[in-house]
Structures are given as structure tokens and as C-alpha cells.
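Novice: Below you'll find run.txt; it's compact mmCIF, C-alpha atoms.
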# COMPACT_ATOMS: atom_id res chain seq x y z
CA MET A 1 98.00 81.74 90.19
CA ASN A 2 99.48 84.74 88.45
CA TYR A 3 97.57 87.98 87.92
CA GLU A 4 98.07 91.53 86.77
CA CYS A 5 96.50 94.82 87.77
CA THR A 6 96.44 98.11 85.87
CA LYS A 7 93.96 99.97 88.06
CA ASN A 8 95.33 102.59 90.41
CA ILE A 9 94.36 101.69 93.97
CA ALA A 10 95.25 105.07 95.48
CA GLU A 11 92.02 105.29 97.48
CA LYS A 12 92.96 102.13 99.44
CA TYR A 13 96.74 102.48 99.19
CA LYS A 14 97.31 102.40 102.97
CA ASP A 15 95.29 99.17 103.30
CA PHE A 16 97.16 97.71 100.36
CA ILE A 17 100.56 98.54 101.90
CA ASP A 18 99.51 97.04 105.23
CA PHE A 19 98.48 93.84 103.46
CA ALA A 20 101.64 93.71 101.32
CA LEU A 21 103.92 94.19 104.32
CA SER A 22 102.02 91.55 106.32
CA VAL A 23 102.91 88.86 103.77
CA SER A 24 106.38 90.07 102.79
CA ASP A 25 109.80 89.64 104.28
CA SER A 26 111.60 92.05 101.95
CA ILE A 27 111.00 94.69 99.33
CA ALA A 28 113.18 95.94 96.51
CA PHE A 29 113.41 99.12 94.50
CA HIS A 30 115.79 100.76 92.05
CA ILE A 31 117.44 104.13 91.80
CA VAL A 32 118.37 104.53 88.16
CA HIS A 33 121.26 106.78 87.21
CA TYR A 34 120.18 107.86 83.76
CA ASP A 35 123.36 109.90 83.45
CA VAL A 36 125.71 106.91 83.95
CA LEU A 37 125.67 104.99 80.69
CA SER A 38 126.61 101.36 80.15
CA PRO A 39 129.89 100.66 78.32
CA GLU A 40 127.94 99.59 75.22
CA MET A 41 125.88 102.76 75.28
CA LEU A 42 129.00 104.91 75.72
CA LYS A 43 130.56 103.17 72.70
CA MET A 44 127.41 103.72 70.62
CA ARG A 45 127.38 107.39 71.62
CA GLU A 46 131.07 107.76 70.77
CA ASP A 47 130.56 106.10 67.35
CA TYR A 48 127.59 108.37 66.65
CA GLN A 49 129.57 111.48 67.61
CA LYS A 50 132.39 110.46 65.24
CA SER A 51 130.02 109.90 62.33
CA HIS A 52 127.81 112.95 63.06
CA PRO A 53 130.10 115.60 64.54
CA GLU A 54 127.76 118.43 63.53
CA GLU A 55 124.86 116.90 65.50
CA SER A 56 126.61 115.62 68.55
CA SER A 57 127.63 117.16 71.79
CA ASP A 58 128.64 115.83 75.16
CA ASN A 59 125.45 116.93 76.90
CA ILE A 60 124.74 114.35 79.59
CA VAL A 61 123.08 116.24 82.41
CA VAL A 62 123.58 115.05 85.97
CA ASN A 63 120.36 115.46 87.90
CA HIS A 64 121.75 116.47 91.29
CA GLU A 65 118.28 117.36 92.58
CA TYR A 66 117.10 113.78 91.94
CA TYR A 67 120.09 112.25 93.74
CA GLU A 68 119.59 114.59 96.71
CA LYS A 69 115.92 113.57 96.86
CA MET A 70 116.86 109.87 96.75
CA ALA A 71 119.42 110.35 99.52
CA LYS A 72 116.67 111.86 101.69
CA ILE A 73 114.48 108.85 100.99
CA ILE A 74 117.24 106.34 101.80
CA LYS A 75 118.47 108.02 105.01
CA PRO A 76 115.51 107.07 107.28
CA ILE A 77 115.58 103.43 106.14
CA GLU A 78 119.35 102.83 106.29
CA GLU A 79 118.98 100.33 109.15
CA ALA A 80 116.45 98.36 107.10
CA ILE A 81 118.72 97.90 104.06
CA ILE A 82 119.68 94.26 103.66
CA SER A 83 121.79 94.77 100.55
CA LYS A 84 122.54 97.17 97.73
CA GLU A 85 123.82 96.20 94.32
CA ASN A 86 125.05 98.37 91.49
CA ALA A 87 124.64 96.97 87.99
CA PHE A 88 123.80 98.15 84.55
CA SER A 89 120.15 97.71 83.65
CA TYR A 90 119.78 96.93 79.97
CA LEU A 91 116.74 98.15 78.12
CA GLY A 92 117.44 96.34 74.87
CA TYR A 93 119.56 97.19 71.84
CA GLY A 94 122.57 97.81 74.08
CA TYR A 95 120.95 100.72 75.88
CA GLY A 96 121.63 100.67 79.58
CA TYR A 97 122.00 102.79 82.67
CA LEU A 98 123.54 102.27 86.07
CA CYS A 99 120.95 100.94 88.45
CA GLU A 100 121.22 100.72 92.25
CA THR A 101 118.99 97.95 93.55
CA TYR A 102 118.10 98.04 97.24
CA ILE A 103 116.77 95.03 99.13
CA ILE A 104 115.04 96.15 102.32
CA ASP A 105 113.65 94.37 105.38
CA ALA A 106 109.87 94.68 104.96
CA GLN A 107 109.29 94.26 108.69
CA HIS A 108 111.46 97.21 109.77
CA PRO A 109 109.20 99.99 111.16
CA SER A 110 110.75 102.68 108.93
CA VAL A 111 109.70 100.86 105.75
CA ARG A 112 105.94 101.29 106.20
CA LYS A 113 106.45 104.99 106.84
CA LEU A 114 108.53 105.29 103.65
CA LEU A 115 105.99 103.40 101.54
CA LEU A 116 103.21 105.67 102.77
CA THR A 117 105.04 108.79 101.54
CA ALA A 118 103.65 107.86 98.11
CA ASP A 119 99.95 107.98 97.26
CA SER A 120 99.89 104.93 95.01
CA MET A 121 101.97 102.01 93.80
CA PHE A 122 102.17 103.84 90.49
CA ASP A 123 103.99 106.78 92.14
CA TRP A 124 107.15 104.69 92.53
CA LYS A 125 109.02 106.13 89.57
CA TYR A 126 111.51 108.78 88.53
CA PRO A 127 111.83 111.66 89.40
CA ASP A 128 109.97 111.61 92.73
CA PHE A 129 110.70 108.13 94.10
CA PRO A 130 112.89 105.12 93.57
CA GLU A 131 111.48 102.97 90.81
CA ASP A 132 109.34 99.88 90.79
CA VAL A 133 109.00 98.90 94.44
CA SER A 134 108.38 95.14 94.53
CA PHE A 135 107.57 92.73 97.36
CA PHE A 136 109.16 89.37 98.22
CA ARG A 137 108.50 86.47 100.54
CA GLN A 138 110.92 83.64 101.14
CA GLY A 139 113.21 85.12 98.51
CA LYS A 140 110.61 85.04 95.72
CA CYS A 141 108.86 88.01 94.21
CA TRP A 142 105.11 87.87 94.70
CA LEU A 143 104.38 91.45 93.56
CA ARG A 144 106.33 93.14 90.80
CA ASN A 145 105.49 96.76 90.11
CA VAL A 146 106.23 98.54 86.82
CA ALA A 147 105.12 102.00 87.88
CA HIS A 148 105.85 103.91 84.66
CA GLU A 149 103.56 101.47 82.82
CA ASN A 150 100.88 101.52 85.58
CA MET A 151 101.11 97.75 85.94
CA MET A 152 101.49 95.35 88.85
CA PHE A 153 102.09 91.61 88.51
CA PHE A 154 101.08 89.24 91.28
CA GLU A 155 102.80 85.86 91.20
CA ASN A 156 101.83 82.71 93.09
CA ILE A 157 99.25 84.30 95.35
CA THR A 158 96.83 82.06 97.20
CA ASN A 159 93.06 82.11 96.76
CA TYR A 160 92.80 83.69 100.21
CA GLU A 161 95.24 86.47 99.23
CA PHE A 162 93.30 86.95 95.99
CA GLU A 163 90.10 87.48 97.99
CA LEU A 164 91.79 89.91 100.41
CA LEU A 165 93.26 91.92 97.55
CA CYS A 166 89.85 92.12 95.85
CA LYS A 167 88.29 93.37 99.11
CA ILE A 168 90.88 96.15 99.21
CA GLY A 169 89.86 97.13 95.69
CA VAL A 170 92.62 95.58 93.63
CA GLU A 171 91.21 94.46 90.29
CA LEU A 172 93.13 91.33 89.34
CA TYR A 173 93.17 89.83 85.84
CA SER A 174 94.57 86.42 85.07
CA ASP A 175 97.48 86.47 82.65
CA GLU A 176 96.94 82.82 81.73
Could you spell out this file's structure in C-alpha cells?
Specialist:
Amino acid sequence: MNYECTKNIAEKYKDFIDFALSVSDSIAFHIVHYDVLSPEMLKMREDYQKSHPEESSDNIVVNHEYYEKMAKIIKPIEEAIISKENAFSYLGYGYGYLCETYIIDAQHPSVRKLLLTADSMFDWKYPDFPEDVSFFRQGKCWLRNVAHENMMFFENITNYEFELLCKIGVELYSDE
């Protein structure tokens, strides 16, 4: 079954992470470079600047503090990184930013420690953390987190996992 959750489970976050890691073989998260625009977005910006020269300026700000913070987060888990991919993440209408996607070994001891630096699944967002940590088993996502929307999506969980999640305090709603 597939379910969603919009309730913050901060009070049982540690228990939730322990459960999630016990049934996962990998996790993924994104570091979004909001200052590195997709080719389509650069073209749109250039066209706008040509047609509105009085309103436009080249004011993309590089958030060095954010990148330094992300480097400090990545450093302790470097040995756990399975892969890293750079691609543009498109948000619709041609808007897109460079996105680094990390796939990480969920069973590496450094990963639990990293996950517990947050207080909630909904903390996994810019500017304090990488975005949208999600959990996988056997190459398939079973928990997708959209932190900035305060939403988690559970896919293909068993009845037993459903019961365990409810005991932890996760309020699951069927999306069917």
C-alpha cells in the first residue's frame, strides 16, 4: 500500500530513523545549487534582460555559507557515498537549477549520526541541510520526503511496517 504523512514526528524522530535505517539499504538527498541555472533558465533570463533593460541586473548571489555548510555535512559520510550525480532539476516552465544527488549506504555507521543531526524529517531542506532525504530498499524508494512541503510518501510498505510506523507515532493516510 501507499500512504502519506504530513504530521511532524519530531518527538519520535530517533525511533523513526532507527526503523527507516533497519529496512533500507540506501538513502538519497539533494544539494540544490540555486545559483547555477539551467540553460533554458539562463536563456529566459537573457531574453528578459534584453526586453527589460531598466529592470534587469545580473544579480545571482552565490551562497558560499550554504556550500560550506553542505561540505561539512558531506565530509563525515564520504566513505558511505555510493554515487553522486549532477543534473538540472526542472521545476516546470523551463525553470531549473543544478542539483547534486547523493546516494548513500544506509548501513554505514556515519549515516545514522548524520541523520540524527536534524530534529525531524521536515528539517531536511535548504538552507540548513541537504534536501528531501529519501530511503530505498532493493533499489526502490519506499519513503520519499518533500521537506519544504512537510510531506512524506510511503510506497509499498507491508502491513507489519504500517503497524510499526503507527506505534512510533507516524500518522499514515492512504492516498488511494
Novice: Could you give me the centre and size, in Å to one decimal, of an axis-aligned box around all listed atoms of range 12-25 of chain A with 8 Å added on every side, as JSON?
Specialist:
{"center_x": 101.4, "center_y": 95.7, "center_z": 102.8, "size_x": 32.8, "size_y": 29.6, "size_z": 23.1}
Novice: Between CA of Ile77 in chain A and CA of Val170 in chain A, what distance in Å does the model show, to one decimal?
Specialist: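 Going from CA of Ile77 in chain A over to CA of Val170 in chain A, I get 27.3 Å.
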Novice: Have a look at A:Glu155, A:Glu79, A:Asp132, A:Asp35 and name the one nearest to Val111 in chain A; count only C-alpha atoms.
Specialist: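 Distance minimum relative to Val111 in chain A lands on A:Glu79.
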Novice: Using only C-alpha atoms, can you tell me which of A:Tyr90, A:Tyr3, A:Phe136, A:Phe129 comes closest to Asn159 in chain A?
Specialist: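 Among A:Tyr90, A:Tyr3, A:Phe136, A:Phe129, it is A:Tyr3 that comes nearest to Asn159 in chain A.
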Novice: Which one of A:Tyr173, A:Phe135, A:Tyr102, A:Tyr126 sits closest to Val32 in chain A if you count all atoms listed in the file?
Specialist: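 Of A:Tyr173, A:Phe135, A:Tyr102, A:Tyr126, the one nearest Val32 in chain A, counting all atoms listed in the file, is A:Tyr126.
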Novice: Using all atoms listed in the file, which of the listed residues (A:Thr6, A:Ser26, A:Asn86, A:Gln49) sits closest to Gln107 in chain A?
Specialist: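 For Gln107 in chain A, the nearest of the candidates is A:Ser26.
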Novice: When distances are computed from only C-alpha atoms, which of A:Phe19, A:Tyr66, A:Phe29, A:Phe88 shows the smallest separation from Phe162 in chain A?
Specialist: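 When distances to Phe162 in chain A are compared using only C-alpha atoms, the smallest one comes from A:Phe19.
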